[in-house]
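Structure file start17.tsv (TSV, C-alpha atoms and all ligand atoms) is printed below.
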chain	number	residue	atom	x	y	z
R	1	VAL	CA	37.63	30.41	-6.30
R	2	PHE	CA	38.60	29.89	-2.68
R	3	PRO	CA	35.60	28.94	-0.50
R	4	LYS	CA	34.33	31.27	2.21
R	5	ILE	CA	36.14	30.53	5.51
R	6	LEU	CA	34.53	30.36	8.96
R	7	TYR	CA	37.24	30.42	11.65
R	8	PHE	CA	36.80	29.52	15.34
R	9	ASN	CA	39.26	29.51	18.22
R	10	SER	CA	37.32	26.69	19.81
R	11	ILE	CA	34.35	24.67	18.60
R	12	ASP	CA	32.75	21.31	19.41
R	13	SER	CA	33.53	19.79	15.99
R	14	THR	CA	34.08	21.50	12.64
R	15	ASN	CA	32.10	18.69	10.96
R	16	THR	CA	29.15	19.12	13.31
R	17	TYR	CA	29.20	22.87	12.76
R	18	ALA	CA	29.49	22.48	8.98
R	19	LYS	CA	26.44	20.21	8.95
R	20	LYS	CA	24.37	22.89	10.69
R	21	ALA	CA	25.75	25.73	8.55
R	22	ALA	CA	25.17	23.81	5.29
R	23	ASP	CA	21.43	24.49	5.55
R	24	LEU	CA	22.07	28.24	5.81
R	25	ILE	CA	25.01	28.84	3.44
R	26	PRO	CA	24.25	28.02	-0.22
R	27	SER	CA	27.86	28.04	-1.48
R	28	ASP	CA	30.90	25.91	-0.64
R	29	PHE	CA	32.57	26.89	2.64
R	30	LEU	CA	35.40	25.84	4.92
R	31	VAL	CA	35.17	25.62	8.71
R	32	VAL	CA	38.53	25.85	10.51
R	33	ALA	CA	39.17	25.69	14.27
R	34	ASP	CA	42.25	26.02	16.47
R	35	THR	CA	40.87	23.40	18.85
R	36	GLN	CA	37.84	21.09	19.07
R	37	THR	CA	36.15	20.02	22.29
R	38	LEU	CA	34.27	17.09	20.70
R	39	GLY	CA	36.35	16.20	17.65
R	40	ARG	CA	34.92	13.14	15.93
R	41	GLY	CA	36.75	10.32	14.18
R	42	ARG	CA	35.45	7.45	12.07
R	43	LEU	CA	33.43	4.59	13.54
R	44	GLY	CA	32.16	6.74	16.40
R	45	ARG	CA	35.66	7.33	17.80
R	46	SER	CA	36.78	10.68	19.14
R	47	TRP	CA	39.54	12.75	17.52
R	48	SER	CA	42.01	14.29	19.91
R	49	SER	CA	42.18	17.99	19.00
R	50	PRO	CA	44.59	19.89	21.26
R	51	SER	CA	44.82	23.64	20.91
R	52	SER	CA	47.22	25.01	18.27
R	53	THR	CA	48.97	21.73	17.40
R	54	GLY	CA	46.81	20.52	14.55
R	55	ILE	CA	44.62	21.43	11.63
R	56	TYR	CA	40.93	20.76	12.20
R	57	MET	CA	38.88	21.69	9.18
R	58	SER	CA	35.74	20.73	7.29
R	59	LEU	CA	35.06	21.61	3.68
R	60	CYS	CA	31.43	21.66	2.55
R	61	ILE	CA	30.92	21.12	-1.18
R	62	ARG	CA	27.88	20.60	-3.38
R	63	PRO	CA	28.93	18.51	-6.37
R	64	ASN	CA	26.21	17.43	-8.74
R	65	ILE	CA	26.90	13.68	-8.45
R	66	SER	CA	24.90	10.66	-7.45
R	67	LEU	CA	24.99	9.13	-4.00
R	68	GLU	CA	27.21	6.16	-4.76
R	69	LYS	CA	29.96	8.47	-6.01
R	70	ALA	CA	30.29	10.38	-2.75
R	71	SER	CA	32.97	8.08	-1.33
R	72	MET	CA	35.34	9.24	-4.08
R	73	ILE	CA	35.41	12.67	-2.43
R	74	THR	CA	37.30	11.06	0.45
R	75	LEU	CA	39.94	9.77	-1.96
R	76	ILE	CA	40.25	13.20	-3.58
R	77	THR	CA	40.61	14.84	-0.17
R	78	ALA	CA	43.37	12.38	0.79
R	79	MET	CA	45.26	13.14	-2.44
R	80	ALA	CA	44.96	16.89	-1.84
R	81	ILE	CA	46.42	16.61	1.66
R	82	CYS	CA	49.31	14.52	0.31
R	83	ASP	CA	49.93	17.08	-2.46
R	84	ALA	CA	50.04	19.92	0.09
R	85	ILE	CA	52.44	18.06	2.39
R	86	GLU	CA	54.68	17.08	-0.51
R	87	GLU	CA	54.77	20.68	-1.77
R	88	LEU	CA	55.60	22.20	1.62
R	89	TYR	CA	57.72	19.51	3.29
R	90	ASN	CA	59.34	17.78	0.32
R	91	ILE	CA	58.29	14.38	1.61
R	92	SER	CA	55.82	11.97	-0.01
R	93	PRO	CA	53.13	10.79	2.41
R	94	LEU	CA	51.16	7.66	1.60
R	95	ILE	CA	47.44	6.94	1.76
R	96	LYS	CA	46.12	3.96	3.69
R	97	TRP	CA	42.95	3.26	1.74
R	98	PRO	CA	40.51	4.83	1.95
R	99	ASN	CA	41.32	7.74	4.19
R	100	ASP	CA	44.32	7.71	6.48
R	101	ILE	CA	47.52	9.48	5.59
R	102	VAL	CA	50.74	8.01	6.89
R	103	ILE	CA	54.40	9.00	6.97
R	104	ASN	CA	56.92	6.31	7.96
R	105	SER	CA	53.87	4.06	8.65
R	106	LYS	CA	52.55	6.48	11.30
R	107	LYS	CA	49.17	8.16	10.93
R	108	ILE	CA	49.41	11.92	10.63
R	109	CYS	CA	45.98	12.68	9.16
R	110	GLY	CA	42.45	11.26	9.21
R	111	ILE	CA	39.43	12.13	7.10
R	112	LEU	CA	35.77	11.91	8.10
R	113	THR	CA	33.38	12.39	5.18
R	114	GLU	CA	29.72	12.98	5.93
R	115	MET	CA	26.86	13.91	3.64
R	116	SER	CA	23.23	14.74	3.33
R	117	CYS	CA	20.95	13.76	0.51
R	118	ASP	CA	17.32	14.02	-0.49
R	119	MET	CA	15.19	12.60	-3.33
R	120	ASP	CA	17.13	14.66	-5.90
R	121	GLY	CA	20.52	13.31	-4.80
R	122	ILE	CA	23.35	14.75	-2.75
R	123	LYS	CA	22.61	18.05	-0.99
R	124	TYR	CA	26.12	18.48	0.34
R	125	ILE	CA	29.25	16.58	1.29
R	126	ILE	CA	31.41	17.54	4.25
R	127	SER	CA	34.98	16.45	4.12
R	128	GLY	CA	36.46	16.74	7.61
R	129	VAL	CA	40.23	16.67	7.91
R	130	GLY	CA	42.36	16.38	11.04
R	131	ILE	CA	46.12	16.76	10.57
R	132	ASN	CA	48.68	16.36	13.35
R	133	VAL	CA	51.02	19.25	12.59
R	134	TYR	CA	53.10	20.20	15.65
R	135	ASP	CA	52.03	17.46	18.12
R	136	THR	CA	54.80	15.86	20.15
R	137	GLU	CA	52.63	13.73	22.42
R	138	PHE	CA	49.49	11.68	21.89
R	139	PRO	CA	46.80	9.98	23.98
R	140	ASP	CA	47.81	6.50	25.18
R	141	ASP	CA	45.55	4.59	22.80
R	142	ILE	CA	47.16	6.08	19.69
R	143	LYS	CA	50.67	6.86	20.85
R	144	ASP	CA	52.22	3.88	19.03
R	145	THR	CA	50.45	4.50	15.72
R	146	ALA	CA	50.17	8.29	15.45
R	147	SER	CA	52.72	10.96	14.66
R	148	SER	CA	52.89	14.55	13.44
R	149	LEU	CA	54.41	16.43	10.55
R	150	LEU	CA	56.88	18.06	12.93
R	151	LEU	CA	58.01	14.74	14.43
R	152	GLU	CA	58.40	13.03	11.06
R	153	THR	CA	60.04	15.87	9.15
R	154	GLY	CA	61.66	18.09	11.80
R	155	THR	CA	60.13	21.06	10.01
R	156	LYS	CA	57.62	23.62	11.27
R	157	THR	CA	55.33	24.96	8.57
R	158	ASP	CA	52.58	27.52	8.91
R	159	ARG	CA	49.20	25.79	9.23
R	160	ALA	CA	47.56	28.38	6.98
R	161	LYS	CA	49.95	27.46	4.15
R	162	ILE	CA	49.03	23.78	4.46
R	163	ILE	CA	45.32	24.61	4.44
R	164	SER	CA	45.48	26.85	1.38
R	165	SER	CA	47.64	24.41	-0.59
R	166	ALA	CA	45.32	21.51	0.29
R	167	ILE	CA	42.21	23.44	-0.78
R	168	TYR	CA	43.87	24.47	-4.03
R	169	HIS	CA	44.82	20.86	-4.87
R	170	PHE	CA	41.40	19.60	-3.80
R	171	TYR	CA	39.56	21.79	-6.30
R	172	GLU	CA	42.09	20.94	-9.01
R	173	ASP	CA	41.42	17.20	-8.59
R	174	LEU	CA	37.68	17.73	-8.08
R	175	ASP	CA	37.58	19.44	-11.50
R	176	THR	CA	39.36	16.47	-13.06
R	177	PHE	CA	37.02	14.04	-11.28
R	178	MET	CA	33.93	15.94	-12.51
R	179	GLN	CA	35.02	15.51	-16.17
R	180	THR	CA	34.18	11.81	-16.01
R	181	GLU	CA	32.51	11.60	-12.54
R	182	ASP	CA	34.80	8.72	-11.70
R	183	MET	CA	38.41	8.00	-10.76
R	184	SER	CA	39.52	6.94	-14.25
R	185	ILE	CA	41.81	9.94	-14.82
R	186	LEU	CA	42.97	10.14	-11.17
R	187	LYS	CA	43.46	6.40	-10.64
R	188	SER	CA	47.18	6.29	-11.35
R	189	LYS	CA	47.83	9.40	-9.25
R	190	TYR	CA	45.95	7.86	-6.31
R	191	GLU	CA	47.68	4.50	-6.72
R	192	SER	CA	51.10	6.15	-6.73
R	193	ARG	CA	50.30	7.31	-3.19
R	194	LEU	CA	48.62	4.10	-2.03
R	195	ALA	CA	50.53	2.58	0.89
R	196	ASN	CA	48.67	-0.72	0.67
R	197	ILE	CA	49.59	-1.52	-2.92
R	198	GLY	CA	51.25	-4.91	-3.40
R	199	ARG	CA	51.03	-5.55	0.33
R	200	GLU	CA	49.05	-7.87	2.47
R	201	VAL	CA	46.02	-6.32	4.16
R	202	MET	CA	43.44	-7.81	6.49
R	203	ILE	CA	39.91	-7.37	5.24
R	204	LEU	CA	37.24	-7.21	7.93
R	205	ASP	CA	33.76	-7.86	6.65
R	206	PRO	CA	30.56	-9.27	8.15
R	207	LYS	CA	31.70	-12.80	7.25
R	208	GLY	CA	34.91	-12.46	9.19
R	209	GLU	CA	38.50	-11.50	8.72
R	210	TYR	CA	40.76	-12.67	5.89
R	211	PRO	CA	44.10	-11.68	4.40
R	212	ALA	CA	44.41	-10.37	0.85
R	213	THR	CA	46.89	-8.55	-1.35
R	214	ALA	CA	45.95	-5.00	-2.37
R	215	LEU	CA	46.24	-4.51	-6.13
R	216	GLY	CA	44.98	-0.94	-6.57
R	217	ILE	CA	41.68	0.88	-7.04
R	218	ASP	CA	39.13	0.76	-9.83
R	219	GLU	CA	37.39	3.75	-11.42
R	220	THR	CA	34.73	3.78	-8.67
R	221	GLY	CA	37.40	4.17	-5.97
R	222	ALA	CA	36.90	0.64	-4.61
R	223	LEU	CA	40.01	-1.19	-3.39
R	224	ILE	CA	40.82	-4.19	-5.57
R	225	VAL	CA	42.35	-7.11	-3.70
R	226	ASN	CA	43.43	-10.64	-4.44
R	227	ALA	CA	42.07	-12.88	-1.70
R	228	ASN	CA	43.34	-16.41	-2.13
R	229	GLY	CA	43.26	-16.19	-5.92
R	230	LYS	CA	39.89	-14.44	-6.05
R	231	ILE	CA	39.78	-10.81	-7.19
R	232	LYS	CA	37.44	-8.78	-4.98
R	233	ARG	CA	36.24	-5.18	-4.85
R	234	ILE	CA	36.24	-3.68	-1.37
R	235	ILE	CA	33.86	-0.78	-1.00
R	236	SER	CA	34.47	1.93	1.55
R	237	GLY	CA	32.15	1.63	4.50
R	238	GLU	CA	31.54	-2.09	4.08
R	239	VAL	CA	34.81	-3.28	5.48
R	240	SER	CA	37.87	-1.82	7.00
R	241	VAL	CA	41.40	-2.60	6.06
R	242	ARG	CA	44.01	-3.31	8.69
R	243	GLY	CA	47.68	-3.72	8.27
R	244	ILE	CA	50.79	-1.71	7.53
R	301	LIG	C1	39.54	9.37	11.49
R	301	LIG	O1	38.92	8.68	12.30
R	301	LIG	O2	40.65	9.04	11.07
R	301	LIG	C2	38.92	10.65	10.95
R	301	LIG	C3	39.27	11.84	11.77
R	301	LIG	C4	38.68	13.13	11.28
R	301	LIG	C5	38.97	14.28	12.22
R	301	LIG	C6	38.54	15.61	11.66
R	301	LIG	S1	39.14	16.97	12.62
R	301	LIG	C7	38.12	18.07	11.73
R	301	LIG	C8	36.80	17.37	11.50
R	301	LIG	N1	35.90	17.60	12.61
R	301	LIG	C9	35.68	16.46	13.30
R	301	LIG	O3	34.98	16.39	14.32
R	301	LIG	N2	36.32	15.44	12.73
R	301	LIG	C10	37.05	15.85	11.54
Entire entry expressed as structure tokens:
Amino acid sequence: VFPKILYFNSIDSTNTYAKKAADLIPSDFLVVADTQTLGRGRLGRSWSSPSSTGIYMSLCIRPNISLEKASMITLITAMAICDAIEELYNISPLIKWPNDIVINSKKICGILTEMSCDMDGIKYIISGVGINVYDTEFPDDIKDTASSLLLETGTKTDRAKIISSAIYHFYEDLDTFMQTEDMSILKSKYESRLANIGREVMILDPKGEYPATALGIDETGALIVNANGKIKRIISGEVSVRGI
């Protein structure tokens, strides 16, 4: 079943709107906008959201899972976006763990997952996705690291087609995930798209910055790295991974 869609020409942020609407709409729903005036990125950054060049959308879901499993929804979202791009553009994007999607090492999509919980567990999860589709120019601070589907593939594809394919693949993988409530079945699929695998990454954690080699993910979605001979689990939110 495709979720109910709320479409806006212009909105502050589809994530912010979805958070407000989640208290009023009991089912899953998708907020889509042509432009955002206050698009939000991770770590309090802003997300440049020019009119008609990108996809700005937020999917609100209500899976019956415990709090510590919520971060896996980000990984499932990233896989769904890759599936949609591969299907429509015949190119295989890669995921920079946990939630950036890159083509030719340039970021073309970011994901901002937010949630609300109470004593009974998760009330809802909002998976916010920004995809650079037709952009040909970028703000100065990201112009060396960002790109768009058009620039990397030379192809123009209807944004609605990308959205519907991504939503379809998202629910397909969510169903698989819910069978075991972990990444055990999806692990190899995710790893096949993982840009970091076998490569050196910089881990930033409260104790400082150190290099490590990314080995893959475990069934909880944590990144497994080899740091100077020690195998470590990196949990989303605790550290960020630089490199590539
Ligand atoms: C990142 O920092 O990489 C995450 C960017 C997420 C941007 C999307 S655009 C749609 C949704 N609404 C927002 O305000 N942010 C997310």
Can you tell me, as a tab-separated table (two decimals) with C-alpha atoms, in the coordinates of the input, which residues sit within 9 Å of (34.6, 26.4, 2.9) in the file's frame, using all atoms listed in the file?
chain	number	residue	atom	x	y	z
R	2	PHE	CA	38.60	29.89	-2.68
R	3	PRO	CA	35.60	28.94	-0.50
R	4	LYS	CA	34.33	31.27	2.21
R	5	ILE	CA	36.14	30.53	5.51
R	6	LEU	CA	34.53	30.36	8.96
R	18	ALA	CA	29.49	22.48	8.98
R	27	SER	CA	27.86	28.04	-1.48
R	28	ASP	CA	30.90	25.91	-0.64
R	29	PHE	CA	32.57	26.89	2.64
R	30	LEU	CA	35.40	25.84	4.92
R	31	VAL	CA	35.17	25.62	8.71
R	32	VAL	CA	38.53	25.85	10.51
R	57	MET	CA	38.88	21.69	9.18
R	58	SER	CA	35.74	20.73	7.29
R	59	LEU	CA	35.06	21.61	3.68
R	60	CYS	CA	31.43	21.66	2.55
R	61	ILE	CA	30.92	21.12	-1.18
R	167	ILE	CA	42.21	23.44	-0.78
Residue nearest ligand LIG 301 (chain R) among R:Tyr17, R:Tyr168, R:Tyr134, R:Phe8 (counting all atoms listed in the file):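 With all atoms listed in the file as the atom set, the closest residue is R:Tyr17.
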Could you give me the residues within 7 Å of ligand LIG 301 (chain R), counting all atoms listed in the file, as a ChimeraX atom specification? /R:13-16,38-43,45,47,56-58,100,109-112,128-130
For stretch 195-210 of chain R, what centre and edge lengths in Å (one decimal) does the axis-aligned box get once 8 Å is added on each side of all its listed atoms, as AutoDock Vina command-line options?
--center_x 40.9 --center_y -5.1 --center_z 2.9 --size_x 36.7 --size_y 31.4 --size_z 28.6
Show me, as JSON, numbers by chain, the residues that have an atom within 12 Å of R:Arg199 when counting only C-alpha atoms, minus same-chain residues fewer than 3 positions from it. {"R": [96, 194, 195, 196, 202, 211, 212, 213, 214, 215, 216, 224, 225, 226, 227, 241, 242, 243, 244]}
Could you pull the residues within 9 Å of stretch 151-162 of chain R, counting all atoms listed in the file, minus those fewer than 2 positions along the same chain, as number ranges by chain? R: 54-55, 81, 84-85, 88-89, 91, 103-104, 106, 133-136, 147-149, 164-167
Choose the residue, out of R:Ile122, R:Ile197, R:Ile234, R:Ala21, that has the smallest atom-to-atom separation from R:Asn64; count all atoms listed in the file.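 Result for the nearest residue to R:Asn64: R:Ile122.
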For a test of reading the model, state the distance in Å between atom CA of R:Leu174 and atom CA of R:Ala70, rounded to one decimal. 11.7 Å
What is the atom CA of R:Lys230 to atom CA of R:Lys187 distance in Å?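 Between atom CA of R:Lys230 and atom CA of R:Lys187 the gap is 21.6 Å.
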Rounded to one decimal in Å, what is the spacing between atom CA of R:Ser92 and atom CA of R:Glu172?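 Result for atom CA of R:Ser92 versus atom CA of R:Glu172: 18.7 Å, one decimal.
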Residue contacts of R:Leu75 (8 Å, all atoms listed in the file) excluding same-chain residues fewer than 2 positions away, as an NGL selection string: :R and (71-73 or 77-79 or 98-99 or 190 or 221)
Mind dumping the selected residues with C-alpha atoms as a short mmCIF file (atom, residue, chain, number, x, y, z; two decimals), in the coordinates of the input?
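See again03.cif below for the written result:
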data_model
loop_
_atom_site.label_atom_id
_atom_site.label_comp_id
_atom_site.auth_asym_id
_atom_site.auth_seq_id
_atom_site.Cartn_x
_atom_site.Cartn_y
_atom_site.Cartn_z
CA SER R 71 32.97 8.08 -1.33
CA MET R 72 35.34 9.24 -4.08
CA ILE R 73 35.41 12.67 -2.43
CA THR R 77 40.61 14.84 -0.17
CA ALA R 78 43.37 12.38 0.79
CA MET R 79 45.26 13.14 -2.44
CA PRO R 98 40.51 4.83 1.95
CA ASN R 99 41.32 7.74 4.19
CA TYR R 190 45.95 7.86 -6.31
CA GLY R 221 37.40 4.17 -5.97
#
Start from the incomplete input, build N, CA, C and O atoms for stretch 130-153 of chain R, and deliver everything as a PDB file, in the coordinates of the input.
ATOM      1  N   GLY R 130      41.557  16.088   9.846  1.00  0.00           N
ATOM      2  CA  GLY R 130      42.360  16.380  11.040  1.00  0.00           C
ATOM      3  C   GLY R 130      43.809  16.037  10.726  1.00  0.00           C
ATOM      4  O   GLY R 130      44.110  14.902  10.336  1.00  0.00           O
ATOM      5  N   ILE R 131      44.696  17.016  10.848  1.00  0.00           N
ATOM      6  CA  ILE R 131      46.120  16.760  10.570  1.00  0.00           C
ATOM      7  C   ILE R 131      46.928  17.061  11.829  1.00  0.00           C
ATOM      8  O   ILE R 131      46.772  18.127  12.435  1.00  0.00           O
ATOM      9  N   ASN R 132      47.776  16.116  12.227  1.00  0.00           N
ATOM     10  CA  ASN R 132      48.680  16.360  13.350  1.00  0.00           C
ATOM     11  C   ASN R 132      49.872  17.139  12.804  1.00  0.00           C
ATOM     12  O   ASN R 132      50.670  16.591  12.048  1.00  0.00           O
ATOM     13  N   VAL R 133      49.972  18.410  13.183  1.00  0.00           N
ATOM     14  CA  VAL R 133      51.020  19.250  12.590  1.00  0.00           C
ATOM     15  C   VAL R 133      52.213  19.394  13.541  1.00  0.00           C
ATOM     16  O   VAL R 133      53.327  19.004  13.213  1.00  0.00           O
ATOM     17  N   TYR R 134      51.983  19.947  14.727  1.00  0.00           N
ATOM     18  CA  TYR R 134      53.100  20.200  15.650  1.00  0.00           C
ATOM     19  C   TYR R 134      53.101  19.267  16.864  1.00  0.00           C
ATOM     20  O   TYR R 134      53.906  19.447  17.781  1.00  0.00           O
ATOM     21  N   ASP R 135      52.167  18.303  16.913  1.00  0.00           N
ATOM     22  CA  ASP R 135      52.030  17.460  18.120  1.00  0.00           C
ATOM     23  C   ASP R 135      53.343  16.733  18.435  1.00  0.00           C
ATOM     24  O   ASP R 135      54.026  16.241  17.544  1.00  0.00           O
ATOM     25  N   THR R 136      53.639  16.655  19.729  1.00  0.00           N
ATOM     26  CA  THR R 136      54.800  15.860  20.150  1.00  0.00           C
ATOM     27  C   THR R 136      54.381  14.768  21.127  1.00  0.00           C
ATOM     28  O   THR R 136      55.170  13.909  21.490  1.00  0.00           O
ATOM     29  N   GLU R 137      53.138  14.830  21.607  1.00  0.00           N
ATOM     30  CA  GLU R 137      52.630  13.730  22.420  1.00  0.00           C
ATOM     31  C   GLU R 137      51.193  13.418  22.051  1.00  0.00           C
ATOM     32  O   GLU R 137      50.481  14.274  21.539  1.00  0.00           O
ATOM     33  N   PHE R 138      50.794  12.167  22.328  1.00  0.00           N
ATOM     34  CA  PHE R 138      49.490  11.680  21.890  1.00  0.00           C
ATOM     35  C   PHE R 138      48.826  10.908  23.020  1.00  0.00           C
ATOM     36  O   PHE R 138      49.517  10.361  23.888  1.00  0.00           O
ATOM     37  N   PRO R 139      47.482  10.806  22.987  1.00  0.00           N
ATOM     38  CA  PRO R 139      46.800   9.980  23.980  1.00  0.00           C
ATOM     39  C   PRO R 139      47.320   8.539  23.929  1.00  0.00           C
ATOM     40  O   PRO R 139      47.762   8.079  22.870  1.00  0.00           O
ATOM     41  N   ASP R 140      47.253   7.839  25.068  1.00  0.00           N
ATOM     42  CA  ASP R 140      47.810   6.500  25.180  1.00  0.00           C
ATOM     43  C   ASP R 140      47.368   5.536  24.080  1.00  0.00           C
ATOM     44  O   ASP R 140      48.170   4.776  23.546  1.00  0.00           O
ATOM     45  N   ASP R 141      46.064   5.582  23.754  1.00  0.00           N
ATOM     46  CA  ASP R 141      45.550   4.590  22.800  1.00  0.00           C
ATOM     47  C   ASP R 141      46.090   4.749  21.382  1.00  0.00           C
ATOM     48  O   ASP R 141      46.019   3.827  20.586  1.00  0.00           O
ATOM     49  N   ILE R 142      46.634   5.924  21.049  1.00  0.00           N
ATOM     50  CA  ILE R 142      47.160   6.080  19.690  1.00  0.00           C
ATOM     51  C   ILE R 142      48.660   6.384  19.660  1.00  0.00           C
ATOM     52  O   ILE R 142      49.235   6.579  18.589  1.00  0.00           O
ATOM     53  N   LYS R 143      49.280   6.373  20.829  1.00  0.00           N
ATOM     54  CA  LYS R 143      50.670   6.860  20.850  1.00  0.00           C
ATOM     55  C   LYS R 143      51.661   6.003  20.041  1.00  0.00           C
ATOM     56  O   LYS R 143      52.675   6.497  19.571  1.00  0.00           O
ATOM     57  N   ASP R 144      51.319   4.719  19.822  1.00  0.00           N
ATOM     58  CA  ASP R 144      52.220   3.880  19.030  1.00  0.00           C
ATOM     59  C   ASP R 144      51.973   3.986  17.530  1.00  0.00           C
ATOM     60  O   ASP R 144      52.802   3.585  16.718  1.00  0.00           O
ATOM     61  N   THR R 145      50.804   4.505  17.155  1.00  0.00           N
ATOM     62  CA  THR R 145      50.450   4.500  15.720  1.00  0.00           C
ATOM     63  C   THR R 145      50.386   5.898  15.114  1.00  0.00           C
ATOM     64  O   THR R 145      50.362   6.036  13.898  1.00  0.00           O
ATOM     65  N   ALA R 146      50.342   6.930  15.976  1.00  0.00           N
ATOM     66  CA  ALA R 146      50.170   8.290  15.450  1.00  0.00           C
ATOM     67  C   ALA R 146      51.480   9.066  15.487  1.00  0.00           C
ATOM     68  O   ALA R 146      52.371   8.779  16.285  1.00  0.00           O
ATOM     69  N   SER R 147      51.592  10.054  14.607  1.00  0.00           N
ATOM     70  CA  SER R 147      52.720  10.960  14.660  1.00  0.00           C
ATOM     71  C   SER R 147      52.277  12.308  14.090  1.00  0.00           C
ATOM     72  O   SER R 147      51.104  12.502  13.786  1.00  0.00           O
ATOM     73  N   SER R 148      53.235  13.226  13.976  1.00  0.00           N
ATOM     74  CA  SER R 148      52.890  14.550  13.440  1.00  0.00           C
ATOM     75  C   SER R 148      53.877  14.934  12.354  1.00  0.00           C
ATOM     76  O   SER R 148      54.950  14.334  12.227  1.00  0.00           O
ATOM     77  N   LEU R 149      53.519  15.942  11.607  1.00  0.00           N
ATOM     78  CA  LEU R 149      54.410  16.430  10.550  1.00  0.00           C
ATOM     79  C   LEU R 149      55.737  16.905  11.141  1.00  0.00           C
ATOM     80  O   LEU R 149      56.803  16.636  10.596  1.00  0.00           O
ATOM     81  N   LEU R 150      55.652  17.576  12.294  1.00  0.00           N
ATOM     82  CA  LEU R 150      56.880  18.060  12.930  1.00  0.00           C
ATOM     83  C   LEU R 150      57.785  16.892  13.332  1.00  0.00           C
ATOM     84  O   LEU R 150      58.982  16.891  13.045  1.00  0.00           O
ATOM     85  N   LEU R 151      57.194  15.882  13.983  1.00  0.00           N
ATOM     86  CA  LEU R 151      58.010  14.740  14.430  1.00  0.00           C
ATOM     87  C   LEU R 151      58.627  13.991  13.262  1.00  0.00           C
ATOM     88  O   LEU R 151      59.768  13.549  13.333  1.00  0.00           O
ATOM     89  N   GLU R 152      57.889  13.836  12.182  1.00  0.00           N
ATOM     90  CA  GLU R 152      58.400  13.030  11.060  1.00  0.00           C
ATOM     91  C   GLU R 152      59.338  13.786  10.139  1.00  0.00           C
ATOM     92  O   GLU R 152      60.115  13.183   9.417  1.00  0.00           O
ATOM     93  N   THR R 153      59.225  15.129  10.118  1.00  0.00           N
ATOM     94  CA  THR R 153      60.040  15.870   9.150  1.00  0.00           C
ATOM     95  C   THR R 153      61.040  16.818   9.830  1.00  0.00           C
ATOM     96  O   THR R 153      61.963  17.297   9.177  1.00  0.00           O
TER      97      THR R 153
END
